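**Student:** Sharing run.txt here; it has compact mmCIF, C-alpha atoms (C1' of nucleotides).
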# COMPACT_ATOMS: atom_id res chain seq x y z
CA MET G 1 -190.26 81.89 30.51
CA ASP G 2 -189.30 85.36 29.41
CA ARG G 3 -190.12 87.15 26.23
CA LYS G 4 -186.71 86.71 24.63
CA GLN G 5 -186.90 82.97 25.05
CA GLU G 6 -190.41 82.92 23.62
CA ILE G 7 -189.14 84.71 20.54
CA ILE G 8 -186.24 82.28 20.22
CA ASP G 9 -188.57 79.30 20.57
CA ALA G 10 -191.02 80.75 18.03
CA ALA G 11 -188.26 81.51 15.55
CA THR G 12 -186.75 78.05 15.99
CA LYS G 13 -190.12 76.53 15.11
CA SER G 14 -190.57 78.72 12.06
CA PHE G 15 -187.02 78.30 10.73
CA SER G 16 -187.32 74.53 11.21
CA LEU G 17 -190.58 74.33 9.30
CA PHE G 18 -190.09 76.89 6.59
CA GLY G 19 -186.37 77.56 6.45
CA TYR G 20 -184.67 80.92 6.84
CA LYS G 21 -185.83 82.55 3.64
CA ALA G 22 -189.52 81.72 3.95
CA THR G 23 -189.75 82.63 7.61
CA THR G 24 -191.18 86.12 8.14
CA MET G 25 -190.73 88.23 11.20
CA ASP G 26 -194.49 88.78 11.28
CA GLN G 27 -194.91 85.03 11.61
CA VAL G 28 -192.31 84.73 14.34
CA ALA G 29 -194.09 87.56 16.20
CA LYS G 30 -197.43 85.78 15.92
CA ILE G 31 -196.11 82.45 17.13
CA ALA G 32 -194.36 84.21 20.01
CA ASN G 33 -197.42 86.34 20.81
CA VAL G 34 -195.49 89.60 20.71
CA GLY G 35 -195.56 92.68 18.51
CA LYS G 36 -193.17 92.53 15.62
CA GLY G 37 -191.25 95.52 16.97
CA THR G 38 -190.59 93.61 20.19
CA ILE G 39 -188.34 91.21 18.32
CA TYR G 40 -186.07 94.12 17.48
CA THR G 41 -185.67 95.03 21.15
CA PHE G 42 -183.70 91.80 21.54
CA PHE G 43 -182.21 91.15 18.12
CA ASP G 44 -180.85 93.71 15.70
CA ASN G 45 -182.24 91.95 12.67
CA LYS G 46 -183.41 88.64 11.25
CA GLU G 47 -179.92 87.32 10.72
CA VAL G 48 -178.81 88.00 14.28
CA LEU G 49 -181.86 86.11 15.53
CA PHE G 50 -180.98 83.23 13.20
CA GLN G 51 -177.40 83.18 14.41
CA GLU G 52 -178.50 82.98 18.03
CA ILE G 53 -180.57 79.93 17.18
CA VAL G 54 -177.83 78.31 15.14
CA ILE G 55 -175.31 78.71 17.94
CA ARG G 56 -177.71 76.84 20.21
CA MET G 57 -178.12 74.14 17.61
CA ILE G 58 -174.37 73.71 17.31
CA THR G 59 -174.08 73.43 21.06
CA GLU G 60 -176.77 70.76 21.03
CA MET G 61 -174.96 68.81 18.34
CA LYS G 62 -171.70 68.89 20.25
CA GLN G 63 -173.45 67.71 23.38
CA GLU G 64 -174.86 64.74 21.51
CA ALA G 65 -171.43 63.93 20.16
CA ALA G 66 -169.89 64.21 23.63
CA ILE G 67 -172.40 61.71 24.99
CA VAL G 68 -171.21 58.92 22.69
CA ILE G 69 -167.61 59.43 23.62
CA ILE G 70 -166.49 57.00 26.27
CA GLU G 71 -163.42 57.69 28.33
CA GLY G 72 -160.90 54.93 27.90
CA LYS G 73 -161.95 53.82 24.44
CA SER G 74 -159.62 54.10 21.46
CA PHE G 75 -159.35 57.23 19.36
CA GLN G 76 -160.87 55.41 16.43
CA GLU G 77 -163.86 54.21 18.36
CA ASN G 78 -164.55 57.60 19.81
CA ALA G 79 -163.85 59.58 16.66
CA HIS G 80 -166.04 57.23 14.67
CA ALA G 81 -168.90 57.41 17.14
CA ALA G 82 -168.75 61.19 17.38
CA LEU G 83 -168.56 61.73 13.64
CA MET G 84 -171.36 59.29 12.96
CA LYS G 85 -173.50 61.01 15.59
CA MET G 86 -172.81 64.47 14.18
CA LEU G 87 -173.59 63.33 10.64
CA GLU G 88 -176.76 61.73 11.92
CA PHE G 89 -177.65 65.02 13.57
CA ARG G 90 -177.36 66.55 10.12
CA GLU G 91 -180.33 64.48 8.95
CA THR G 92 -182.47 64.10 12.03
CA HIS G 93 -182.29 67.58 13.48
CA GLN G 94 -185.15 69.37 11.83
CA LEU G 95 -183.59 72.83 11.64
CA TYR G 96 -180.23 71.58 10.41
CA ALA G 97 -181.84 69.37 7.80
CA LYS G 98 -183.93 72.32 6.64
CA ILE G 99 -180.84 74.49 6.41
CA ILE G 100 -179.06 71.96 4.22
CA ILE G 101 -182.02 71.71 1.86
CA GLU G 102 -182.29 75.49 1.64
CA GLU G 103 -178.59 75.88 0.94
CA LYS G 104 -178.94 73.59 -2.03
CA GLU G 105 -182.11 75.17 -3.41
CA TRP G 106 -181.62 78.85 -2.83
CA LYS G 107 -178.04 79.51 -1.83
CA THR G 108 -179.24 82.00 0.76
CA PRO G 109 -176.11 83.76 2.03
CA ALA G 110 -177.14 83.59 5.68
CA VAL G 111 -177.65 79.86 5.31
CA GLN G 112 -174.36 79.26 3.51
CA LEU G 113 -172.61 81.01 6.38
CA VAL G 114 -174.33 78.68 8.82
CA ILE G 115 -173.33 75.55 6.95
CA SER G 116 -169.77 76.73 7.08
CA GLN G 117 -170.03 77.46 10.80
CA VAL G 118 -171.40 74.05 11.63
CA GLU G 119 -168.73 72.30 9.63
CA LYS G 120 -166.02 74.30 11.32
CA ALA G 121 -167.47 73.36 14.69
CA ILE G 122 -167.35 69.68 13.75
CA VAL G 123 -163.75 69.89 12.57
CA LYS G 124 -162.78 71.80 15.72
CA PHE G 125 -164.46 69.19 17.90
CA VAL G 126 -162.53 66.40 16.19
CA LYS G 127 -159.29 68.36 16.28
CA GLU G 128 -159.56 68.75 20.02
CA LYS G 129 -160.02 65.03 20.41
CA ILE G 130 -157.00 64.37 18.22
CA ASP G 131 -154.89 66.76 20.28
CA LYS G 132 -155.95 65.01 23.45
CA TYR G 133 -155.09 61.55 22.15
CA ILE G 134 -151.74 62.77 20.84
CA ALA G 135 -150.97 64.31 24.22
CA ASN G 136 -151.83 60.99 25.85
CA GLY G 137 -149.45 59.23 23.50
CA GLU G 138 -152.23 57.11 22.07
CA ILE G 139 -151.87 58.14 18.42
CA ARG G 140 -148.99 59.50 16.36
CA ALA G 141 -148.27 63.21 16.38
CA VAL G 142 -149.92 64.61 13.26
CA ASN G 143 -151.24 67.95 12.06
CA SER G 144 -154.47 67.66 13.99
CA GLU G 145 -156.31 70.32 12.04
CA LEU G 146 -155.65 68.69 8.69
CA VAL G 147 -156.45 65.22 10.01
CA ALA G 148 -159.67 66.46 11.57
CA TYR G 149 -160.61 68.04 8.25
CA LEU G 150 -159.72 64.86 6.40
CA LEU G 151 -161.80 62.73 8.76
CA PHE G 152 -164.76 65.06 8.46
CA LYS G 153 -164.61 65.15 4.68
CA ALA G 154 -164.06 61.42 4.42
CA TYR G 155 -167.00 60.58 6.65
CA LEU G 156 -169.19 63.04 4.80
CA ALA G 157 -168.16 61.42 1.53
CA PHE G 158 -168.89 57.86 2.61
CA VAL G 159 -171.95 58.47 4.77
CA ASN G 160 -173.64 61.03 2.51
CA ASP G 161 -172.14 61.49 -0.93
CA TRP G 162 -171.66 57.77 -1.61
CA ASN G 163 -175.41 57.23 -1.41
CA ILE G 164 -176.08 59.78 -4.10
CA THR G 165 -173.91 58.06 -6.68
CA HIS G 166 -174.23 54.41 -5.72
CA GLU G 167 -177.26 52.21 -5.43
CA LYS G 168 -176.02 50.20 -2.54
CA SER G 169 -175.16 52.28 0.50
CA LEU G 170 -172.40 51.34 2.90
CA SER G 171 -173.29 50.08 6.35
CA GLU G 172 -171.81 51.66 9.43
CA VAL G 173 -169.74 48.54 10.01
CA GLU G 174 -168.34 48.65 6.48
CA ILE G 175 -167.46 52.30 6.90
CA ALA G 176 -165.83 51.72 10.27
CA GLU G 177 -163.77 48.81 8.95
CA PHE G 178 -162.68 50.73 5.90
CA PHE G 179 -161.48 53.69 7.91
CA GLN G 180 -159.78 51.35 10.37
CA ASP G 181 -157.87 50.01 7.38
CA THR G 182 -156.96 53.42 6.05
CA ILE G 183 -157.04 56.71 7.94
CA PHE G 184 -157.05 55.34 11.45
CA ARG G 185 -154.38 52.85 10.49
CA SER G 186 -152.14 55.73 9.50
CA LEU G 187 -152.58 57.30 12.94
CA ALA G 188 -151.61 54.20 14.88
CA LEU G 189 -148.38 54.23 16.87
CA MET A 1 -163.46 67.48 -41.99
CA ASP A 2 -166.96 66.04 -42.16
CA ARG A 3 -170.19 67.60 -41.16
CA LYS A 4 -170.60 65.64 -37.96
CA GLN A 5 -167.23 66.83 -36.73
CA GLU A 6 -168.10 70.40 -37.61
CA ILE A 7 -171.22 70.15 -35.53
CA ILE A 8 -169.27 68.68 -32.64
CA ASP A 9 -166.67 71.42 -32.85
CA ALA A 10 -169.32 74.13 -33.03
CA ALA A 11 -171.21 72.71 -30.09
CA THR A 12 -168.03 72.38 -28.06
CA LYS A 13 -167.35 76.05 -28.62
CA SER A 14 -170.85 77.09 -27.67
CA PHE A 15 -171.12 74.86 -24.58
CA SER A 16 -167.71 76.11 -23.44
CA LEU A 17 -168.67 79.76 -23.82
CA PHE A 18 -172.29 79.74 -22.75
CA GLY A 19 -172.79 76.50 -20.88
CA TYR A 20 -175.35 73.84 -21.69
CA LYS A 21 -178.51 75.70 -20.77
CA ALA A 22 -177.76 78.90 -22.65
CA THR A 23 -176.54 77.13 -25.76
CA THR A 24 -179.23 76.94 -28.47
CA MET A 25 -179.31 74.49 -31.30
CA ASP A 26 -179.86 77.42 -33.68
CA GLN A 27 -176.57 78.83 -32.51
CA VAL A 28 -174.74 75.54 -32.89
CA ALA A 29 -176.14 75.29 -36.42
CA LYS A 30 -174.94 78.77 -37.29
CA ILE A 31 -171.43 78.23 -35.96
CA ALA A 32 -171.27 74.92 -37.83
CA ASN A 33 -172.75 76.40 -41.01
CA VAL A 34 -175.49 73.79 -41.29
CA GLY A 35 -179.24 73.81 -41.12
CA LYS A 36 -180.61 73.17 -37.69
CA GLY A 37 -182.29 69.97 -38.89
CA THR A 38 -178.94 68.58 -39.95
CA ILE A 39 -177.85 68.33 -36.36
CA TYR A 40 -180.66 65.87 -35.75
CA THR A 41 -179.43 63.57 -38.51
CA PHE A 42 -176.42 62.84 -36.32
CA PHE A 43 -177.69 63.34 -32.77
CA ASP A 44 -181.10 62.47 -31.41
CA ASN A 45 -181.32 65.57 -29.31
CA LYS A 46 -179.36 68.27 -27.51
CA GLU A 47 -178.44 66.03 -24.62
CA VAL A 48 -177.03 63.28 -26.83
CA LEU A 49 -174.85 65.87 -28.57
CA PHE A 50 -173.69 67.12 -25.19
CA GLN A 51 -172.89 63.60 -24.06
CA GLU A 52 -170.78 62.97 -27.14
CA ILE A 53 -168.75 66.05 -26.34
CA VAL A 54 -168.42 65.19 -22.67
CA ILE A 55 -167.15 61.70 -23.45
CA ARG A 56 -164.42 63.29 -25.55
CA MET A 57 -163.59 65.68 -22.75
CA ILE A 58 -163.29 62.79 -20.28
CA THR A 59 -161.00 60.96 -22.68
CA GLU A 60 -158.86 64.05 -22.94
CA MET A 61 -158.65 64.40 -19.18
CA LYS A 62 -157.59 60.77 -18.77
CA GLN A 63 -154.93 61.21 -21.43
CA GLU A 64 -153.50 64.16 -19.57
CA ALA A 65 -153.45 62.15 -16.38
CA ALA A 66 -151.77 59.24 -18.11
CA ILE A 67 -149.00 61.50 -19.35
CA VAL A 68 -147.85 62.42 -15.83
CA ILE A 69 -147.69 58.81 -14.73
CA ILE A 70 -144.18 57.47 -14.91
CA GLU A 71 -143.57 53.75 -15.03
CA GLY A 72 -141.44 52.69 -12.10
CA LYS A 73 -142.40 55.49 -9.73
CA SER A 74 -144.21 54.77 -6.46
CA PHE A 75 -147.97 54.52 -6.23
CA GLN A 76 -148.08 57.68 -4.16
CA GLU A 77 -146.08 59.68 -6.65
CA ASN A 78 -148.17 58.56 -9.56
CA ALA A 79 -151.53 58.76 -7.83
CA HIS A 80 -150.68 62.21 -6.56
CA ALA A 81 -149.56 63.43 -9.96
CA ALA A 82 -152.60 62.02 -11.74
CA LEU A 83 -155.09 63.37 -9.22
CA MET A 84 -153.47 66.80 -9.18
CA LYS A 85 -153.55 66.84 -12.98
CA MET A 86 -157.19 65.84 -13.13
CA LEU A 87 -158.20 68.43 -10.54
CA GLU A 88 -156.22 71.02 -12.46
CA PHE A 89 -158.12 70.01 -15.59
CA ARG A 90 -161.26 70.82 -13.68
CA GLU A 91 -160.25 74.47 -13.56
CA THR A 92 -158.31 74.98 -16.75
CA HIS A 93 -160.44 73.11 -19.25
CA GLN A 94 -162.94 75.67 -20.45
CA LEU A 95 -165.89 73.34 -20.95
CA TYR A 96 -165.43 71.49 -17.67
CA ALA A 97 -165.02 74.72 -15.75
CA LYS A 98 -168.19 76.04 -17.37
CA ILE A 99 -170.05 72.87 -16.47
CA ILE A 100 -169.06 73.18 -12.83
CA ILE A 101 -170.21 76.77 -12.68
CA GLU A 102 -173.52 75.90 -14.33
CA GLU A 103 -174.11 73.00 -11.97
CA LYS A 104 -173.80 75.36 -9.04
CA GLU A 105 -175.95 78.12 -10.49
CA TRP A 106 -178.72 76.30 -12.24
CA LYS A 107 -178.64 72.66 -11.29
CA THR A 108 -179.37 71.70 -14.89
CA PRO A 109 -180.08 67.96 -14.84
CA ALA A 110 -177.99 67.21 -17.92
CA VAL A 111 -175.08 68.99 -16.30
CA GLN A 112 -175.46 67.26 -12.96
CA LEU A 113 -175.31 63.96 -14.77
CA VAL A 114 -172.08 65.02 -16.44
CA ILE A 115 -170.42 66.02 -13.19
CA SER A 116 -171.25 62.61 -11.83
CA GLN A 117 -169.86 60.91 -14.95
CA VAL A 118 -166.58 62.76 -14.78
CA GLU A 119 -166.12 61.97 -11.13
CA LYS A 120 -166.84 58.32 -11.74
CA ALA A 121 -164.26 58.33 -14.51
CA ILE A 122 -161.68 59.79 -12.15
CA VAL A 123 -162.40 57.25 -9.45
CA LYS A 124 -162.26 54.42 -12.00
CA PHE A 125 -158.93 55.70 -13.31
CA VAL A 126 -157.47 55.72 -9.80
CA LYS A 127 -158.99 52.34 -8.97
CA GLU A 128 -157.28 50.77 -11.96
CA LYS A 129 -153.96 52.14 -10.83
CA ILE A 130 -154.53 50.81 -7.32
CA ASP A 131 -155.36 47.37 -8.71
CA LYS A 132 -152.17 47.39 -10.74
CA TYR A 133 -149.97 48.35 -7.83
CA ILE A 134 -151.63 45.74 -5.60
CA ALA A 135 -151.06 43.09 -8.28
CA ASN A 136 -147.40 44.12 -8.42
CA GLY A 137 -147.14 43.73 -4.67
CA GLU A 138 -146.21 47.37 -4.20
CA ILE A 139 -149.05 48.37 -1.88
CA ARG A 140 -151.25 46.46 0.52
CA ALA A 141 -154.34 44.70 -0.75
CA VAL A 142 -157.25 47.02 -0.05
CA ASN A 143 -160.75 47.61 -1.39
CA SER A 144 -159.54 49.56 -4.39
CA GLU A 145 -162.87 51.12 -5.21
CA LEU A 146 -163.32 52.57 -1.74
CA VAL A 147 -159.69 53.73 -1.56
CA ALA A 148 -159.96 55.36 -4.98
CA TYR A 149 -163.11 57.12 -3.84
CA LEU A 150 -161.42 58.21 -0.62
CA LEU A 151 -158.41 59.55 -2.49
CA PHE A 152 -160.58 61.45 -4.93
CA LYS A 153 -162.74 62.99 -2.20
CA ALA A 154 -159.73 63.80 -0.04
CA TYR A 155 -157.88 65.53 -2.87
CA LEU A 156 -161.01 67.43 -3.85
CA ALA A 157 -161.41 68.54 -0.23
CA PHE A 158 -157.84 69.79 0.17
CA VAL A 159 -157.25 71.18 -3.30
CA ASN A 160 -160.66 72.81 -3.75
CA ASP A 161 -162.88 72.95 -0.70
CA TRP A 162 -160.14 74.01 1.73
CA ASN A 163 -159.65 77.23 -0.22
CA ILE A 164 -163.27 78.20 0.19
CA THR A 165 -163.17 78.08 3.97
CA HIS A 166 -159.59 79.04 4.74
CA GLU A 167 -157.66 82.15 3.87
CA LYS A 168 -154.38 80.44 3.38
CA SER A 169 -154.44 77.72 0.76
CA LEU A 170 -152.28 74.64 0.98
CA SER A 171 -149.37 74.24 -1.40
CA GLU A 172 -148.99 71.13 -3.49
CA VAL A 173 -146.02 70.11 -1.39
CA GLU A 174 -148.00 70.47 1.83
CA ILE A 175 -150.81 68.40 0.38
CA ALA A 176 -148.45 65.71 -0.87
CA GLU A 177 -146.69 65.49 2.49
CA PHE A 178 -149.92 65.37 4.41
CA PHE A 179 -151.28 62.51 2.32
CA GLN A 180 -147.96 60.72 2.53
CA ASP A 181 -148.38 60.89 6.29
CA THR A 182 -151.96 59.63 6.21
CA ILE A 183 -153.70 57.82 3.37
CA PHE A 184 -150.63 56.70 1.46
CA ARG A 185 -149.00 55.68 4.73
CA SER A 186 -151.92 53.33 5.36
CA LEU A 187 -151.35 51.67 1.98
CA ALA A 188 -147.68 50.96 2.51
CA LEU A 189 -146.53 47.35 2.85
C1' DT B 1 -181.19 61.16 -50.79
C1' DT B 2 -179.71 64.79 -47.98
C1' DT B 3 -180.31 69.26 -46.26
C1' DT B 4 -182.93 73.06 -44.96
C1' DG B 5 -185.51 76.28 -42.20
C1' DA B 6 -190.58 77.31 -41.39
C1' DC B 7 -193.53 75.66 -38.16
C1' DC B 8 -195.49 74.23 -33.65
C1' DG B 9 -196.39 73.41 -28.76
C1' DA B 10 -193.94 74.03 -24.71
C1' DA B 11 -191.01 76.67 -22.12
C1' DT B 12 -188.76 80.86 -20.98
C1' DC B 13 -188.32 85.72 -20.58
C1' DG B 14 -189.35 90.53 -19.72
C1' DT B 15 -192.59 93.71 -18.04
C1' DT B 16 -196.03 95.38 -15.00
C1' DC B 17 -198.23 95.87 -10.88
C1' DA B 18 -199.99 94.03 -6.62
C1' DA B 19 -198.47 91.94 -2.51
C1' DT B 20 -195.14 91.11 0.91
C1' DT B 21 -191.14 91.89 3.76
C1' DG B 22 -187.69 93.68 7.22
C1' DG B 23 -187.04 97.30 9.77
C1' DT B 24 -188.61 101.88 11.89
C1' DC B 25 -190.84 104.74 15.06
C1' DA B 26 -195.08 107.43 16.70
C1' DT B 27 -198.45 105.92 19.57
C1' DT B 28 -200.34 103.08 23.05
C1' DT B 29 -200.02 100.41 27.08
C1' DA B 30 -198.48 99.07 31.53
C1' DT D 1 -191.31 106.61 32.13
C1' DA D 2 -190.17 102.40 29.93
C1' DA D 3 -191.68 98.76 27.22
C1' DA D 4 -194.59 97.02 23.71
C1' DT D 5 -197.24 97.58 19.65
C1' DG D 6 -198.50 97.51 14.79
C1' DA D 7 -199.19 101.03 11.01
C1' DC D 8 -196.15 102.67 7.84
C1' DC D 9 -192.51 102.80 4.19
C1' DA D 10 -189.01 101.75 0.71
C1' DA D 11 -187.32 97.82 -1.24
C1' DT D 12 -188.07 93.37 -2.71
C1' DT D 13 -190.71 89.55 -4.22
C1' DG D 14 -194.20 87.15 -6.63
C1' DA D 15 -198.08 86.51 -9.83
C1' DA D 16 -199.91 87.29 -14.18
C1' DC D 17 -199.53 87.86 -18.94
C1' DG D 18 -198.07 88.63 -23.61
C1' DA D 19 -194.00 88.27 -26.37
C1' DT D 20 -190.27 85.67 -27.56
C1' DT D 21 -187.47 81.74 -27.79
C1' DC D 22 -186.46 76.94 -27.85
C1' DG D 23 -185.97 71.91 -29.16
C1' DG D 24 -187.60 68.99 -32.22
C1' DT D 25 -190.27 67.84 -36.58
C1' DC D 26 -191.00 67.32 -41.34
C1' DA D 27 -192.68 69.13 -46.00
C1' DA D 28 -190.20 71.32 -49.34
C1' DA D 29 -186.02 72.38 -51.58
C1' DA D 30 -181.59 71.21 -53.25
Turn this file's structure into structure tokens for me.
**Tutor:**
Amino acid sequence: MDRKQEIIDAATKSFSLFGYKATTMDQVAKIANVGKGTIYTFFDNKEVLFQEIVIRMITEMKQEAAIVIIEGKSFQENAHAALMKMLEFRETHQLYAKIIIEEKEWKTPAVQLVISQVEKAIVKFVKEKIDKYIANGEIRAVNSELVAYLLFKAYLAFVNDWNITHEKSLSEVEIAEFFQDTIFRSLAL
Amino acid sequence: MDRKQEIIDAATKSFSLFGYKATTMDQVAKIANVGKGTIYTFFDNKEVLFQEIVIRMITEMKQEAAIVIIEGKSFQENAHAALMKMLEFRETHQLYAKIIIEEKEWKTPAVQLVISQVEKAIVKFVKEKIDKYIANGEIRAVNSELVAYLLFKAYLAFVNDWNITHEKSLSEVEIAEFFQDTIFRSLAL
DNA sequence: TTTTGACCGAATCGTTCAATTGGTCATTTA
DNA sequence: TAAATGACCAATTGAACGATTCGGTCAAAA
């Protein structure tokens, strides 16, 4: 395991526990067992180090979403599974969850940028699936970018936002059936 | 014009200019030309006064939405017009705009409650329209509360959020056509 | 009886100064 | 000689503290 990786691992731990703002480079150096200056031989600054780690996190999230996609299943089934998995990642992945909390509490610019990046990655992932299903003639030809955005926002609204303003949350089955009756219905041939 | 109304008017001015947090009861009293203690003969506390004003604002917003609804037009046309009007209100109504800014900057509890109230009022307004059109046999029978929530969140995403993350905003026509092709399409008989 | 504004405890604000931080680079280490 | 280190520095942050302000109260005034 080389030094760069040790720094990345150490920083991932610290960002996950303390968030971006409260993580110090001194601390990362200690966890990694390197001098603080060594960090700057690999990364220009704190934000570049953070970005490296976030890119890895996004890759991990997409891999988890890809696992639940089953070749041969309908667009709805696969889109639903992938979106649910990515929204679950949002809550169970320690670093991502920490980032969301920090964005709300502090509005750290570096963190706001990351939230935006992750969301764009999700929309892009869904858009690519839409394009594939359209090309296969399995769903209607639609503006895949707008539909991907709509699906993302709609799932976010029902899986997350709904719980904030309603006492009774919606089950995954209820959500799936509702979207089958609405958005996915509109995509059917 | 009675004293209570003068206090309400004064407070509306102050909340609109300075927001909830930065508005003092001393200031409201001065603008209204009353003693500070007089305010408390009508309102238990600052938050109750704020609520009174917010309820009036919500009523005003609903009236503006009702104006753009034309009897005999399709559900899509009317829902679209009403939602666009209510989202426009969000930006043009001085108090509401101030509330949104304050919620983002300070997370004042009283203000967060208000945002939630307004959004619930919008969803309820749309739900009632959905119920009416279903009863008239003009759209499919759907869970009107969930569809109203979906419509609200979708419009908010495309009218507001989209502009934050994309350089080119979507025109009203583009938005209307997109929803015609998706959500409204799913509601058609 | 209604209105007022001085009063009060709690909260907020502005100031000061010590502590901390990200990044740098002279020195040390390999 | 190249890579690693951690003391150093300017800028920023945080803690402490006194002054001020605030929402709400109520005795006094109108």
**Student:** Give me the residues near Asp161 in chain G as a ChimeraX atom specification, where near means some atom within 12 Å (using all atoms listed in the file) and where sequence neighbours in that chain fewer than 3 positions away do not count.
**Tutor:** /G:87,153-158,164-167,169-170 /A:116,119,149-150,153
**Student:** Taking only C-alpha atoms (C1' of nucleotides) into account, what are the residues of chain G at most 10 Å from chain D, put as an MDAnalysis selection string?
**Tutor:** chainID G and resid 34:38 41
**Student:** Pick out the closest residue to Glu91 in chain G from this set: G:Lys46, G:Lys127, G:Val159, G:Glu71. Count all atoms listed in the file.
**Tutor:**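 Going through G:Lys46, G:Lys127, G:Val159, G:Glu71 one by one, the smallest distance to Glu91 in chain G is for G:Val159.
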**Student:** Using only C-alpha atoms (C1' of nucleotides) and a cut-off of 12 Å, which residues of chain B sit close to chain G? Please list them as a ChimeraX atom specification.
**Tutor:** /B:20-25
**Student:** Could you check the closest approach to chain A for each of G:Lys124, G:Lys104, G:Lys4, G:Lys132 and tell me which residue wins, using all atoms listed in the file?
**Tutor:**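 Ranking G:Lys124, G:Lys104, G:Lys4, G:Lys132 by distance to chain A, first place goes to G:Lys104.
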**Student:** Taking only C-alpha atoms into account, what are the residues of chain G at most 6 Å from chain A, put as a PyMOL selection string?
**Tutor:** chain G and resi 182-183+185-186
**Student:** Expressed in Å to a single decimal, how great is the separation between CA of Ile70 in chain G and CA of Ala82 in chain G?
**Tutor:**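 For CA of Ile70 in chain G relative to CA of Ala82 in chain G, the distance reads 10.1 Å.
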**Student:** Work out how far CA of Val28 in chain G is from CA of Ser14 in chain G, in Å to one decimal.
**Tutor:**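 Computed distance, CA of Ser14 in chain G to CA of Val28 in chain G, equals 6.7 Å.
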**Student:** Scan for residues within 6 Å of the point (-173.4, 72.5, -19.0) in the coordinates of the file, using only C-alpha atoms (C1' of nucleotides), and reply as a PyMOL selection string.
**Tutor:** chain A and resi 19-20+99+102+111
**Student:** Generate the output file for the selected residues, C-alpha atoms, as a PDB file, keeping the file's coordinate frame.
**Tutor:**
ATOM      1  CA  GLY A  19    -172.790  76.500 -20.880  1.00  0.00           C
ATOM      2  CA  TYR A  20    -175.350  73.840 -21.690  1.00  0.00           C
ATOM      3  CA  ILE A  99    -170.050  72.870 -16.470  1.00  0.00           C
ATOM      4  CA  GLU A 102    -173.520  75.900 -14.330  1.00  0.00           C
ATOM      5  CA  VAL A 111    -175.080  68.990 -16.300  1.00  0.00           C
TER       6      VAL A 111
END
**Student:** Any idea what the distance is between CA of Val126 in chain A and CA of Asn78 in chain A?
**Tutor:**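 So the two atoms, CA of Val126 in chain A and CA of Asn78 in chain A, lie 9.7 Å apart.
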**Student:** Within 9 Å of Ser144 in chain G, counting all atoms listed in the file, which residues qualify if same-chain residues fewer than 6 places away don't, as a PyMOL selection string?
**Tutor:** chain G and resi 126-131+134
**Student:** Mind writing the picked residues with C-alpha atoms as a PDB file, keeping the file's coordinate frame?
**Tutor:**
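What follows is the written file result_3.pdb:
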ATOM      1  CA  VAL G 126    -162.530  66.400  16.190  1.00  0.00           C
ATOM      2  CA  LYS G 127    -159.290  68.360  16.280  1.00  0.00           C
ATOM      3  CA  GLU G 128    -159.560  68.750  20.020  1.00  0.00           C
ATOM      4  CA  LYS G 129    -160.020  65.030  20.410  1.00  0.00           C
ATOM      5  CA  ILE G 130    -157.000  64.370  18.220  1.00  0.00           C
ATOM      6  CA  ASP G 131    -154.890  66.760  20.280  1.00  0.00           C
ATOM      7  CA  ILE G 134    -151.740  62.770  20.840  1.00  0.00           C
TER       8      ILE G 134
END
**Student:** Could you list, as a CSV table (one decimal) with C-alpha atoms, in the coordinates of the input, every residue within 7 Å of Ile7 in chain A, counting all atoms listed in the file and ignoring same-chain residues fewer than 2 positions away?
**Tutor:**
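Heads up, here's the output in selection10.csv:
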chain,number,residue,atom,x,y,z
A,3,ARG,CA,-170.2,67.6,-41.2
A,4,LYS,CA,-170.6,65.6,-38.0
A,5,GLN,CA,-167.2,66.8,-36.7
A,9,ASP,CA,-166.7,71.4,-32.8
A,10,ALA,CA,-169.3,74.1,-33.0
A,11,ALA,CA,-171.2,72.7,-30.1
A,28,VAL,CA,-174.7,75.5,-32.9
A,32,ALA,CA,-171.3,74.9,-37.8
A,39,ILE,CA,-177.8,68.3,-36.4
**Student:** Residues at most 9 Å from range 92-95 of chain A, counting only C-alpha atoms (C1' of nucleotides), excluding those fewer than 5 positions away in the same chain, as a list in words?
**Tutor:** Thr12, Lys13, Phe15, Ser16, Leu17, Gly19, Val54, Met57, Met61 and Ile100 of chain A
